[in-house]
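Peer 1: One file: structure15.cif (mmCIF, C-alpha atoms).
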```
data_entry
loop_
_atom_site.label_atom_id
_atom_site.label_comp_id
_atom_site.auth_asym_id
_atom_site.auth_seq_id
_atom_site.Cartn_x
_atom_site.Cartn_y
_atom_site.Cartn_z
CA MET K 1206 -106.85 -38.93 13.04
CA PHE K 1207 -107.45 -39.84 9.44
CA ILE K 1208 -106.76 -43.45 10.31
CA ALA K 1209 -109.63 -43.46 12.81
CA ILE K 1210 -112.03 -41.98 10.25
CA ALA K 1211 -110.86 -44.51 7.66
CA ILE K 1212 -111.47 -47.43 10.02
CA VAL K 1213 -114.98 -46.22 10.91
CA LEU K 1214 -115.88 -45.67 7.25
CA GLY K 1215 -114.47 -49.05 6.23
CA VAL K 1216 -116.44 -50.96 8.86
CA ALA K 1217 -119.63 -49.01 8.06
CA SER K 1218 -119.35 -49.66 4.34
CA LEU K 1219 -118.74 -53.38 4.89
CA ILE K 1220 -121.80 -53.61 7.15
CA SER K 1221 -124.04 -51.83 4.63
CA GLY K 1222 -122.64 -54.01 1.82
CA TYR K 1223 -123.55 -57.11 3.83
CA ILE K 1224 -127.08 -55.79 4.49
CA ALA K 1225 -127.52 -54.98 0.79
CA ILE K 1226 -126.83 -58.59 -0.18
CA HIS K 1227 -128.31 -60.56 2.66
CA ASN K 1228 -131.53 -58.90 3.80
CA LYS K 1229 -134.81 -60.49 2.80
CA LYS K 1230 -136.76 -57.32 2.09
CA LEU K 1231 -135.86 -55.68 -1.21
CA SER K 1232 -136.50 -52.07 -0.19
CA VAL K 1233 -134.07 -52.31 2.74
CA ALA K 1234 -131.42 -53.81 0.47
CA ILE K 1235 -131.78 -51.03 -2.10
CA ILE K 1236 -131.46 -48.30 0.53
CA ALA K 1237 -128.38 -50.08 1.95
CA SER K 1238 -126.73 -49.93 -1.47
CA GLY K 1239 -127.43 -46.18 -1.64
CA LEU K 1240 -125.85 -45.83 1.82
CA LEU K 1241 -122.79 -47.75 0.58
CA SER K 1242 -122.40 -45.26 -2.27
CA LEU K 1243 -122.53 -42.38 0.21
CA PHE K 1244 -119.79 -43.91 2.36
CA ALA K 1245 -117.70 -44.53 -0.74
CA SER K 1246 -118.09 -40.86 -1.66
CA VAL K 1247 -116.64 -39.79 1.72
CA ILE K 1248 -113.80 -42.31 1.27
CA PHE K 1249 -112.99 -40.66 -2.04
CA LEU K 1250 -112.77 -37.30 -0.24
CA LEU K 1251 -110.27 -38.80 2.22
CA LEU K 1252 -108.17 -39.96 -0.75
CA ALA K 1253 -107.91 -36.34 -2.08
CA ALA K 1254 -110.23 -36.86 -5.09
CA PRO K 1255 -113.05 -34.24 -5.03
CA ASP K 1256 -114.09 -34.81 -8.68
CA VAL K 1257 -114.69 -38.50 -8.13
CA ALA K 1258 -116.53 -37.84 -4.84
CA MET K 1259 -118.94 -35.46 -6.55
CA THR K 1260 -119.62 -37.91 -9.37
CA GLU K 1261 -120.18 -40.86 -7.04
CA ALA K 1262 -122.52 -38.88 -4.78
CA ALA K 1263 -124.64 -37.59 -7.68
CA ILE K 1264 -124.78 -40.80 -9.71
CA GLY K 1265 -124.31 -43.65 -7.26
CA SER K 1266 -126.43 -42.59 -4.35
CA GLY K 1267 -128.95 -40.54 -6.30
CA LEU K 1268 -129.82 -41.92 -9.70
CA THR K 1269 -129.05 -45.61 -9.14
CA THR K 1270 -131.26 -45.89 -6.03
CA LEU K 1271 -134.11 -44.14 -7.84
CA ILE K 1272 -133.94 -46.42 -10.88
CA PHE K 1273 -134.04 -49.45 -8.56
CA PHE K 1274 -137.15 -48.10 -6.85
CA TYR K 1275 -138.92 -47.44 -10.14
CA VAL K 1276 -138.33 -51.02 -11.28
CA LEU K 1277 -139.40 -52.43 -7.90
CA ASN K 1278 -142.61 -50.41 -8.02
CA LYS K 1279 -143.41 -51.61 -11.52
CA ILE K 1280 -142.87 -55.25 -10.57
CA ARG K 1281 -145.04 -54.98 -7.45
CA GLN K 1282 -147.73 -53.17 -9.43
CA ARG K 1283 -147.83 -56.04 -11.87
CA ASN K 1284 -147.93 -58.72 -9.22
CA ASP K 1285 -151.21 -57.65 -7.65
CA MET V 99 -104.50 -45.16 5.87
CA GLU V 100 -104.43 -46.28 2.27
CA TYR V 101 -103.85 -49.87 3.41
CA ILE V 102 -107.14 -49.83 5.33
CA ILE V 103 -109.01 -48.36 2.38
CA ILE V 104 -107.59 -50.77 -0.17
CA SER V 105 -108.47 -53.76 2.00
CA THR V 106 -112.02 -52.36 2.35
CA GLY V 107 -112.18 -52.19 -1.44
CA PHE V 108 -111.02 -55.79 -1.82
CA ALA V 109 -113.55 -56.96 0.77
CA LEU V 110 -116.34 -55.16 -1.08
CA ILE V 111 -115.32 -56.88 -4.33
CA LEU V 112 -115.54 -60.27 -2.59
CA LEU V 113 -118.93 -59.39 -1.08
CA GLY V 114 -120.27 -58.38 -4.47
CA LEU V 115 -118.98 -61.55 -6.09
CA TRP V 116 -120.60 -63.67 -3.40
CA GLY V 117 -123.89 -61.83 -3.94
CA ILE V 118 -123.80 -62.44 -7.69
CA LEU V 119 -123.06 -66.15 -7.36
CA SER V 120 -125.34 -67.15 -4.52
CA GLN V 121 -128.54 -65.11 -4.66
CA LYS V 122 -131.71 -66.28 -6.35
CA ASN V 123 -133.66 -63.06 -6.77
CA LEU V 124 -132.83 -61.21 -9.98
CA ILE V 125 -132.82 -57.79 -8.36
CA LYS V 126 -130.44 -59.00 -5.66
CA ILE V 127 -128.05 -60.12 -8.39
CA VAL V 128 -128.10 -56.62 -9.91
CA LEU V 129 -127.46 -55.17 -6.43
CA GLY V 130 -124.44 -57.48 -6.19
CA PHE V 131 -123.11 -55.96 -9.41
CA THR V 132 -123.53 -52.47 -7.92
CA VAL V 133 -121.54 -53.38 -4.78
CA PHE V 134 -118.85 -54.95 -7.01
CA ASP V 135 -118.56 -51.74 -9.08
CA THR V 136 -118.20 -49.58 -5.97
CA GLY V 137 -115.44 -51.83 -4.59
CA ILE V 138 -113.42 -51.70 -7.80
CA ASN V 139 -113.66 -47.91 -8.00
CA ILE V 140 -112.37 -47.58 -4.42
CA VAL V 141 -109.38 -49.83 -5.20
CA ILE V 142 -108.43 -47.91 -8.35
CA VAL V 143 -108.55 -44.46 -6.73
CA SER V 144 -106.57 -45.64 -3.70
CA ILE V 145 -103.73 -46.87 -5.93
CA GLY V 146 -103.08 -43.31 -7.09
CA TYR V 147 -102.77 -41.86 -3.59
CA VAL V 148 -99.47 -40.28 -2.53
CA LYS V 149 -98.86 -39.86 1.20
CA GLY V 150 -99.67 -36.45 2.57
CA LYS V 151 -100.34 -34.62 -0.69
CA ALA V 152 -103.36 -32.63 -1.82
CA ALA V 153 -105.97 -32.81 -4.58
CA PRO V 154 -104.82 -32.12 -8.19
CA ILE V 155 -106.43 -28.68 -8.52
CA LEU V 156 -104.10 -25.74 -9.02
CA ASP V 157 -105.90 -22.85 -7.35
CA VAL V 158 -103.99 -22.74 -4.06
CA ILE V 159 -100.97 -24.69 -5.24
CA ASN V 160 -98.42 -22.82 -7.33
CA PRO V 161 -98.19 -24.39 -10.83
CA SER V 162 -94.42 -24.36 -10.86
CA GLU V 163 -94.06 -26.61 -7.82
CA ALA V 164 -97.11 -28.76 -8.48
CA MET V 165 -95.00 -31.84 -8.94
CA ASN V 166 -94.27 -32.18 -5.24
CA LYS V 167 -97.69 -31.39 -3.92
CA ILE V 168 -100.43 -33.34 -5.71
CA VAL V 169 -101.65 -36.89 -5.96
CA ASP V 170 -101.77 -38.83 -9.21
CA PRO V 171 -104.54 -37.46 -11.48
CA VAL V 172 -104.71 -40.35 -13.97
CA PRO V 173 -106.60 -42.98 -11.86
CA GLN V 174 -109.15 -40.32 -10.93
CA ALA V 175 -109.81 -39.62 -14.60
CA LEU V 176 -110.33 -43.35 -15.28
CA VAL V 177 -112.71 -43.80 -12.33
CA LEU V 178 -114.77 -40.77 -13.46
CA THR V 179 -115.52 -42.62 -16.68
CA ALA V 180 -116.10 -45.94 -14.91
CA ILE V 181 -118.76 -44.58 -12.55
CA VAL V 182 -120.89 -43.14 -15.35
CA ILE V 183 -120.62 -46.32 -17.42
CA GLY V 184 -121.56 -48.36 -14.33
CA LEU V 185 -124.82 -46.40 -14.14
CA GLY V 186 -125.57 -47.09 -17.81
CA VAL V 187 -124.94 -50.82 -17.44
CA THR V 188 -127.04 -51.03 -14.25
CA ALA V 189 -129.96 -49.32 -15.99
CA LEU V 190 -129.67 -51.72 -18.90
CA MET V 191 -129.64 -54.78 -16.59
CA LEU V 192 -132.74 -53.52 -14.77
CA VAL V 193 -134.63 -53.07 -18.04
CA TYR V 194 -133.80 -56.69 -18.92
CA VAL V 195 -135.16 -57.74 -15.50
CA LEU V 196 -138.40 -55.91 -16.31
CA LYS V 197 -138.75 -57.68 -19.64
CA LEU V 198 -138.02 -61.10 -18.13
CA HIS V 199 -140.63 -60.51 -15.45
CA ARG V 200 -143.16 -59.61 -18.10
CA GLU V 201 -142.64 -62.98 -19.82
CA LYS V 202 -142.70 -65.42 -16.93
CA ASN V 203 -144.14 -63.37 -14.06
CA SER V 204 -141.51 -64.50 -11.55
CA LEU V 205 -138.21 -63.09 -10.32
CA ASP V 206 -136.57 -66.36 -9.39
CA ILE V 207 -133.59 -67.29 -11.50
CA ASN V 208 -134.46 -70.99 -11.41
CA SER V 209 -137.54 -70.41 -13.55
CA PHE V 210 -135.55 -69.24 -16.56
CA LYS V 211 -134.04 -72.52 -17.59
CA ASP V 212 -135.10 -72.41 -21.23
CA LEU V 213 -131.58 -72.26 -22.60
CA LYS V 214 -130.25 -75.18 -20.58
CA TRP V 215 -129.96 -78.54 -22.27
CA MET I 673 -124.62 -78.71 -1.80
CA ILE I 674 -121.96 -79.00 -4.44
CA LYS I 675 -122.92 -75.54 -5.68
CA LYS I 676 -122.10 -74.05 -2.27
CA ILE I 677 -118.70 -75.76 -2.19
CA LEU I 678 -117.97 -74.47 -5.69
CA ILE I 679 -118.89 -70.90 -4.70
CA ILE I 680 -116.69 -71.04 -1.61
CA ALA I 681 -113.81 -72.43 -3.68
CA ILE I 682 -114.10 -69.62 -6.26
CA LEU I 683 -114.24 -66.98 -3.51
CA ALA I 684 -111.22 -68.52 -1.78
CA VAL I 685 -109.12 -68.43 -4.97
CA VAL I 686 -110.07 -64.82 -5.72
CA GLY I 687 -109.43 -63.91 -2.07
CA LEU I 688 -105.97 -65.47 -2.29
CA ILE I 689 -105.14 -63.39 -5.37
CA PHE I 690 -106.30 -60.23 -3.58
CA PHE I 691 -104.26 -61.10 -0.51
CA ASN I 692 -101.11 -61.40 -2.59
CA LEU I 693 -101.88 -58.07 -4.24
CA TYR I 694 -102.37 -56.49 -0.84
CA LYS I 695 -99.05 -57.78 0.42
CA ALA I 696 -97.22 -56.40 -2.62
CA TYR I 697 -98.79 -52.95 -2.32
CA GLN I 698 -96.66 -50.18 -0.85
CA GLY I 699 -97.69 -46.60 -0.31
CA THR I 700 -95.66 -44.21 -2.47
CA GLU I 701 -94.01 -40.93 -1.53
CA ILE I 702 -93.32 -39.50 -4.98
CA LEU I 703 -95.29 -39.51 -8.20
CA ASN I 704 -94.46 -41.92 -11.00
CA ARG I 705 -93.14 -40.68 -14.34
CA THR I 706 -96.43 -40.24 -16.21
CA ALA I 707 -98.04 -38.29 -13.37
CA ALA I 708 -94.88 -36.20 -12.93
CA TYR I 709 -95.03 -35.22 -16.61
CA TYR I 710 -98.70 -34.25 -16.32
CA ALA I 711 -98.02 -32.27 -13.13
CA LYS I 712 -95.08 -30.38 -14.56
CA ASN I 713 -96.44 -29.56 -18.02
CA GLY I 714 -100.20 -29.73 -17.52
CA ALA I 715 -100.73 -26.10 -16.61
CA GLY I 716 -98.43 -24.85 -19.36
CA GLU I 717 -99.58 -26.97 -22.29
CA VAL I 718 -103.30 -27.23 -21.58
CA GLY I 719 -103.94 -24.14 -19.46
CA ALA I 720 -106.56 -25.69 -17.20
CA ALA I 721 -106.33 -25.28 -13.43
CA ASN I 722 -108.07 -28.60 -12.83
CA LEU I 723 -105.55 -31.29 -13.79
CA VAL I 724 -108.13 -34.11 -13.85
CA THR I 725 -110.07 -32.13 -16.49
CA ALA I 726 -106.88 -31.69 -18.48
CA VAL I 727 -106.30 -35.44 -18.44
CA VAL I 728 -109.92 -36.38 -19.24
CA VAL I 729 -110.54 -33.92 -22.08
CA THR I 730 -107.13 -33.39 -23.68
CA TYR I 731 -104.54 -36.00 -22.82
CA ARG I 732 -107.01 -38.92 -22.83
CA GLY I 733 -109.72 -37.26 -24.90
CA PHE I 734 -110.33 -40.27 -27.11
CA ASP I 735 -111.46 -42.34 -24.12
CA THR I 736 -114.05 -39.66 -23.32
CA LEU I 737 -115.37 -39.97 -26.87
CA GLY I 738 -115.72 -43.72 -26.32
CA GLU I 739 -117.56 -43.19 -23.06
CA VAL I 740 -120.04 -40.80 -24.65
CA THR I 741 -120.66 -43.44 -27.32
CA ILE I 742 -121.32 -46.15 -24.72
CA LEU I 743 -123.81 -43.93 -22.87
CA PHE I 744 -125.60 -43.19 -26.13
CA LEU I 745 -125.78 -46.92 -26.90
CA ALA I 746 -127.21 -47.73 -23.45
CA ALA I 747 -129.88 -45.01 -23.74
CA ALA I 748 -130.84 -46.15 -27.24
CA ILE I 749 -131.16 -49.81 -26.22
CA ILE I 750 -133.29 -48.91 -23.21
CA SER I 751 -135.72 -46.85 -25.29
CA PHE I 752 -135.84 -49.61 -27.87
CA ILE I 753 -136.69 -52.38 -25.39
CA LEU I 754 -139.26 -50.46 -23.40
CA LYS I 755 -141.30 -48.98 -26.18
CA PHE I 756 -145.06 -49.18 -26.08
CA LYS I 757 -147.97 -48.00 -28.16
CA LYS I 758 -150.17 -45.16 -27.06
CA GLU I 759 -153.26 -47.29 -26.38
CA ASP I 760 -151.40 -49.41 -23.80
CA LEU I 761 -151.12 -46.49 -21.42
CA LEU I 762 -153.49 -45.63 -18.61
CA PRO I 763 -155.25 -42.29 -18.96
CA ALA I 764 -153.74 -39.58 -16.84
CA ARG I 765 -156.45 -39.37 -14.23
CA HIS I 766 -155.83 -42.94 -13.04
CA VAL I 767 -152.27 -42.17 -12.03
CA ARG I 768 -151.69 -41.19 -8.42
CA VAL I 769 -151.36 -37.46 -7.79
CA SER I 770 -148.41 -36.26 -5.77
CA SER I 771 -148.76 -34.28 -2.57
CA GLU I 772 -148.94 -30.52 -2.35
CA ILE I 773 -145.65 -30.13 -0.50
CA LEU I 774 -143.81 -31.84 -3.32
CA ASN I 775 -145.51 -29.67 -5.96
CA THR I 776 -144.74 -26.39 -4.21
CA ALA I 777 -141.19 -27.29 -3.24
CA SER I 778 -140.35 -28.47 -6.72
CA GLN I 779 -141.42 -25.16 -8.23
CA VAL I 780 -138.79 -23.44 -6.08
CA LEU I 781 -136.06 -26.07 -6.31
CA VAL I 782 -136.01 -27.03 -9.99
CA PRO I 783 -134.62 -23.74 -11.39
CA ILE I 784 -131.95 -23.70 -8.68
CA ILE I 785 -130.94 -27.28 -9.48
CA PHE I 786 -130.66 -26.47 -13.19
CA MET I 787 -128.53 -23.42 -12.45
CA VAL I 788 -126.19 -25.41 -10.20
CA GLY I 789 -125.81 -28.04 -12.91
CA ILE I 790 -124.99 -25.47 -15.59
CA TYR I 791 -122.51 -23.77 -13.24
CA ILE I 792 -120.76 -27.08 -12.58
CA PHE I 793 -120.10 -27.87 -16.21
CA ILE I 794 -119.21 -24.36 -17.30
CA ASN I 795 -116.52 -24.09 -14.60
CA GLY I 796 -115.20 -27.57 -15.18
CA HIS I 797 -111.67 -26.43 -15.89
CA LEU I 798 -111.32 -24.29 -12.75
CA THR I 799 -112.98 -26.15 -9.87
CA PRO I 800 -113.84 -29.82 -9.29
CA GLY I 801 -116.63 -30.71 -11.65
CA GLY I 802 -117.11 -31.03 -15.34
CA GLY I 803 -119.51 -32.37 -17.93
CA PHE I 804 -120.50 -35.67 -16.33
CA GLN I 805 -121.25 -34.26 -12.91
CA GLY I 806 -123.21 -31.35 -14.36
CA GLY I 807 -125.19 -33.70 -16.57
CA ALA I 808 -126.08 -35.92 -13.59
CA VAL I 809 -127.28 -32.91 -11.58
CA ILE I 810 -129.45 -31.73 -14.50
CA ALA I 811 -130.92 -35.23 -14.81
CA SER I 812 -131.87 -35.23 -11.13
CA GLY I 813 -133.62 -31.89 -11.65
CA VAL I 814 -135.63 -33.42 -14.48
CA LEU I 815 -136.40 -36.39 -12.22
CA LEU I 816 -137.84 -34.03 -9.60
CA MET I 817 -140.10 -32.54 -12.27
CA ILE I 818 -141.27 -36.01 -13.33
CA MET I 819 -142.00 -37.11 -9.77
CA SER I 820 -143.91 -34.03 -8.69
CA ASN I 821 -146.13 -33.47 -11.70
CA SER I 822 -148.05 -36.48 -12.97
CA ASN I 823 -149.01 -34.82 -16.25
CA PHE I 824 -145.45 -34.01 -17.15
CA SER I 825 -143.89 -36.14 -19.84
CA ILE I 826 -140.58 -35.44 -21.50
CA SER I 827 -140.97 -34.52 -25.14
CA HIS I 828 -138.83 -37.04 -26.95
CA LYS I 829 -138.31 -34.73 -29.88
CA LEU I 830 -136.57 -32.07 -27.79
CA ILE I 831 -134.34 -34.60 -26.03
CA SER I 832 -133.29 -36.31 -29.24
CA VAL I 833 -132.56 -32.97 -30.92
CA VAL I 834 -130.40 -31.76 -28.00
CA GLU I 835 -128.58 -35.06 -27.76
CA SER I 836 -127.84 -35.45 -31.45
CA ILE I 837 -126.67 -31.86 -31.91
CA SER I 838 -124.39 -32.07 -28.86
CA GLY I 839 -122.79 -35.32 -29.95
CA PHE I 840 -122.34 -34.09 -33.49
CA ALA I 841 -120.83 -30.79 -32.30
CA TYR I 842 -118.38 -32.67 -30.08
CA VAL I 843 -116.96 -34.64 -32.99
CA LEU I 844 -116.96 -31.50 -35.16
CA ILE I 845 -114.89 -29.63 -32.58
CA GLY I 846 -112.46 -32.52 -32.50
CA LEU I 847 -112.09 -32.29 -36.26
CA LEU I 848 -111.48 -28.54 -35.92
CA GLY I 849 -108.56 -29.47 -33.69
CA LEU I 850 -107.23 -31.59 -36.55
CA ILE I 851 -107.40 -28.64 -38.96
CA PHE I 852 -106.24 -25.75 -36.80
CA ALA I 853 -104.04 -27.25 -34.07
CA GLY I 854 -101.92 -30.28 -33.33
CA GLY I 855 -104.32 -33.19 -33.70
CA PHE I 856 -107.77 -34.62 -33.07
CA LEU I 857 -109.38 -33.04 -29.96
CA ASP I 858 -106.42 -30.75 -29.38
CA ASN I 859 -107.51 -27.80 -27.30
CA ARG I 860 -105.30 -25.07 -28.70
CA VAL I 861 -107.87 -24.01 -31.32
CA LEU I 862 -108.82 -21.00 -29.22
CA GLY I 863 -106.18 -19.18 -27.20
CA LEU I 864 -104.93 -20.61 -23.93
CA GLY I 865 -105.45 -17.43 -21.94
CA HIS I 866 -104.42 -16.76 -18.37
CA LEU I 867 -104.53 -19.64 -15.87
CA GLY I 868 -107.61 -19.33 -13.67
CA ASP I 869 -109.83 -17.20 -15.89
CA LEU I 870 -113.25 -18.31 -17.06
CA PHE I 871 -112.29 -18.03 -20.73
CA SER I 872 -109.07 -19.99 -20.59
CA ALA I 873 -107.85 -23.46 -21.58
CA GLY I 874 -108.82 -23.23 -25.23
CA ILE I 875 -111.94 -25.16 -26.16
CA ILE I 876 -112.23 -27.19 -22.94
CA PRO I 877 -115.26 -25.15 -21.68
CA VAL I 878 -116.97 -25.60 -25.06
CA ILE I 879 -116.34 -29.36 -25.08
CA TYR I 880 -117.57 -29.71 -21.51
CA THR I 881 -120.71 -27.71 -22.29
CA PHE I 882 -121.61 -30.09 -25.08
CA ILE I 883 -120.77 -33.16 -22.98
CA GLY I 884 -122.84 -31.81 -20.06
CA LEU I 885 -125.89 -31.21 -22.26
CA LYS I 886 -125.53 -34.60 -23.93
CA VAL I 887 -125.15 -36.57 -20.70
CA GLY I 888 -128.01 -34.63 -19.07
CA ALA I 889 -130.31 -35.32 -22.03
CA GLU I 890 -129.39 -39.01 -22.14
CA LEU I 891 -129.87 -39.66 -18.42
CA SER I 892 -133.20 -37.76 -18.49
CA ASN I 893 -134.26 -39.93 -21.41
CA ILE I 894 -133.42 -43.12 -19.50
CA LEU I 895 -135.27 -41.91 -16.41
CA GLY I 896 -138.28 -40.75 -18.43
CA THR I 897 -138.57 -44.06 -20.28
CA ILE I 898 -138.35 -46.17 -17.12
CA SER I 899 -140.83 -43.97 -15.25
CA HIS I 900 -143.21 -43.94 -18.22
CA ALA I 901 -143.41 -47.71 -17.87
CA GLN I 902 -145.34 -47.17 -14.64
CA ASN I 903 -148.40 -46.07 -16.59
CA GLU I 904 -148.59 -49.17 -18.69
CA ILE I 905 -151.65 -51.37 -18.39
CA ASN I 906 -150.63 -54.89 -17.20
#
```
Would you mind giving the structure from this file in structure tokens?
Peer 2:
Amino acid sequence: MFIAIAIVLGVASLISGYIAIHNKKLSVAIIASGLLSLFASVIFLLLAAPDVAMTEAAIGSGLTTLIFFYVLNKIRQRND
Amino acid sequence: MEYIIISTGFALILLGLWGILSQKNLIKIVLGFTVFDTGINIVIVSIGYVKGKAAPILDVINPSEAMNKIVDPVPQALVLTAIVIGLGVTALMLVYVLKLHREKNSLDINSFKDLKW
Amino acid sequence: MIKKILIIAILAVVGLIFFNLYKAYQGTEILNRTAAYYAKNGAGEVGAANLVTAVVVTYRGFDTLGEVTILFLAAAIISFILKFKKEDLLPARHVRVSSEILNTASQVLVPIIFMVGIYIFINGHLTPGGGFQGGAVIASGVLLMIMSNSNFSISHKLISVVESISGFAYVLIGLLGLIFAGGFLDNRVLGLGHLGDLFSAGIIPVIYTFIGLKVGAELSNILGTISHAQNEIN
């Protein structure tokens, strides 16, 4: 059963990684990278590492996405 | 199961590398670095996995027989450090993007050719 | 055109290296020698129930000192690059106000978030958690305060005082280990206690408290500086 969960998570994280790099709109790409961090946090739980899962969820899919949005807002504010 | 996860990690590293080398927007390049970091952390934690064993926390497991029941705690300690440093480096790169945008008012990497011969 | 061929060539070479690594990888059934030593003697020598904490703070404590230094350097460089004078900032009434739901909800949620963060780093040696996770949770609580209240600005004096005292105290505790116990950052300065108690594992709770406060202050500083740049004219 763990193999099925691992396959689903692997495919989902590869799809969100591809969207994060290839999509034209920047806000969609930033949210896709936050989604990738969330899937990576569940993968860490499957690998019996609860410390690492907690750190990745708090830092990767919380603070990194927010810093990206602050910088994007500042750049758009300056452009018009 | 760990074979699937380690191949996912390697594929994420290749995706991130492709994003860094081929994208033109500065913020997309920083996003490529983020994907690259996540892939490397997945690979390192999955190297320390032992089949069928539990997390290295000794509340349910008896300390005297811990050697047969836990996974390797050293790669997890290294990845803990790596994730926090990845955040610091990403924040630093984004502040440089802000400063570059203030100078030339564009986010395209082809407009920053001042240092080329 | 030649750039695309070069990129594909680089990716193919790196992909070949990864494929060879994948073929040589085998899942293991038993721990290797280093991990077996940590598993057998970790609870006895260090006294912490969380073995990852024992490795991060005691067995590889010097690497944690290096990481705290790198975070400090990143926060200092960010504040140095993004500094601005007071007359470049918009007055407060030109900034957008946040909605009422956000204001009310943040008044309820922020104390709870701070308490969860403090709980995580105080119990770092018993349950999964520790200084870095607790610091990140505290920084997200500060971020909620920044986003919901447009007049709120972090006082830089308080953050720099907390950060400097925590970093200094961390090195001082390490030196205490040199004087009273086996070496630098040794945790047998206080007693080891009973496995599973709150006051066990020597000075690991004290070290993690200082690391949690320092990381929380640094990440809040980074977030406050970047969000303060929103109010800049131009």
Peer 1: Run the PyMOL selection byres ((chain I) within 7 of (chain K)) on the file and write out the hits as a ChimeraX atom specification.
Peer 2: /I:800-801,805,808-809,899,902,906
Peer 1: Given a cut-off of 8 Å, which residues of chain V touch chain I, counting only C-alpha atoms, written out as a ChimeraX atom specification?
Peer 2: /V:100-101,104-105,108,112,115-116,119-120,147-149,154-157,161-166,168-172,174-175,179,182-183,186-187,189-190,193
Peer 1: Given the file shown, determine the residues that the PyMOL selection byres ((chain I and resi 845) around 10) selects; report them as a PyMOL selection string.
Peer 2: chain I and resi 840-844+846-851+856-859+861+875+878-879
Peer 1: Could you please tell me, as an MDAnalysis selection string, which residues of chain V have an atom within 9 Å of chain K when using all atoms listed in the file?
Peer 2: chainID V and resid 99:100 102:103 105:107 109:110 113:114 116:118 121 125:127 129:130 132:133 136:137 139:140 143:144 146:148 151:154 168:169 171 174:175 177:178 181:182 184:185 188:189 192:193 195:196 199:200 203:204
Peer 1: Can I get the selected residues back with C-alpha atoms, as an mmCIF file, in the coordinates of the input?
Peer 2:
```
data_model
loop_
_atom_site.group_PDB
_atom_site.id
_atom_site.type_symbol
_atom_site.label_atom_id
_atom_site.label_comp_id
_atom_site.auth_asym_id
_atom_site.auth_seq_id
_atom_site.Cartn_x
_atom_site.Cartn_y
_atom_site.Cartn_z
ATOM 1 C CA MET V 99 -104.500 -45.160 5.870
ATOM 2 C CA GLU V 100 -104.430 -46.280 2.270
ATOM 3 C CA ILE V 102 -107.140 -49.830 5.330
ATOM 4 C CA ILE V 103 -109.010 -48.360 2.380
ATOM 5 C CA SER V 105 -108.470 -53.760 2.000
ATOM 6 C CA THR V 106 -112.020 -52.360 2.350
ATOM 7 C CA GLY V 107 -112.180 -52.190 -1.440
ATOM 8 C CA ALA V 109 -113.550 -56.960 0.770
ATOM 9 C CA LEU V 110 -116.340 -55.160 -1.080
ATOM 10 C CA LEU V 113 -118.930 -59.390 -1.080
ATOM 11 C CA GLY V 114 -120.270 -58.380 -4.470
ATOM 12 C CA TRP V 116 -120.600 -63.670 -3.400
ATOM 13 C CA GLY V 117 -123.890 -61.830 -3.940
ATOM 14 C CA ILE V 118 -123.800 -62.440 -7.690
ATOM 15 C CA GLN V 121 -128.540 -65.110 -4.660
ATOM 16 C CA ILE V 125 -132.820 -57.790 -8.360
ATOM 17 C CA LYS V 126 -130.440 -59.000 -5.660
ATOM 18 C CA ILE V 127 -128.050 -60.120 -8.390
ATOM 19 C CA LEU V 129 -127.460 -55.170 -6.430
ATOM 20 C CA GLY V 130 -124.440 -57.480 -6.190
ATOM 21 C CA THR V 132 -123.530 -52.470 -7.920
ATOM 22 C CA VAL V 133 -121.540 -53.380 -4.780
ATOM 23 C CA THR V 136 -118.200 -49.580 -5.970
ATOM 24 C CA GLY V 137 -115.440 -51.830 -4.590
ATOM 25 C CA ASN V 139 -113.660 -47.910 -8.000
ATOM 26 C CA ILE V 140 -112.370 -47.580 -4.420
ATOM 27 C CA VAL V 143 -108.550 -44.460 -6.730
ATOM 28 C CA SER V 144 -106.570 -45.640 -3.700
ATOM 29 C CA GLY V 146 -103.080 -43.310 -7.090
ATOM 30 C CA TYR V 147 -102.770 -41.860 -3.590
ATOM 31 C CA VAL V 148 -99.470 -40.280 -2.530
ATOM 32 C CA LYS V 151 -100.340 -34.620 -0.690
ATOM 33 C CA ALA V 152 -103.360 -32.630 -1.820
ATOM 34 C CA ALA V 153 -105.970 -32.810 -4.580
ATOM 35 C CA PRO V 154 -104.820 -32.120 -8.190
ATOM 36 C CA ILE V 168 -100.430 -33.340 -5.710
ATOM 37 C CA VAL V 169 -101.650 -36.890 -5.960
ATOM 38 C CA PRO V 171 -104.540 -37.460 -11.480
ATOM 39 C CA GLN V 174 -109.150 -40.320 -10.930
ATOM 40 C CA ALA V 175 -109.810 -39.620 -14.600
ATOM 41 C CA VAL V 177 -112.710 -43.800 -12.330
ATOM 42 C CA LEU V 178 -114.770 -40.770 -13.460
ATOM 43 C CA ILE V 181 -118.760 -44.580 -12.550
ATOM 44 C CA VAL V 182 -120.890 -43.140 -15.350
ATOM 45 C CA GLY V 184 -121.560 -48.360 -14.330
ATOM 46 C CA LEU V 185 -124.820 -46.400 -14.140
ATOM 47 C CA THR V 188 -127.040 -51.030 -14.250
ATOM 48 C CA ALA V 189 -129.960 -49.320 -15.990
ATOM 49 C CA LEU V 192 -132.740 -53.520 -14.770
ATOM 50 C CA VAL V 193 -134.630 -53.070 -18.040
ATOM 51 C CA VAL V 195 -135.160 -57.740 -15.500
ATOM 52 C CA LEU V 196 -138.400 -55.910 -16.310
ATOM 53 C CA HIS V 199 -140.630 -60.510 -15.450
ATOM 54 C CA ARG V 200 -143.160 -59.610 -18.100
ATOM 55 C CA ASN V 203 -144.140 -63.370 -14.060
ATOM 56 C CA SER V 204 -141.510 -64.500 -11.550
#
```
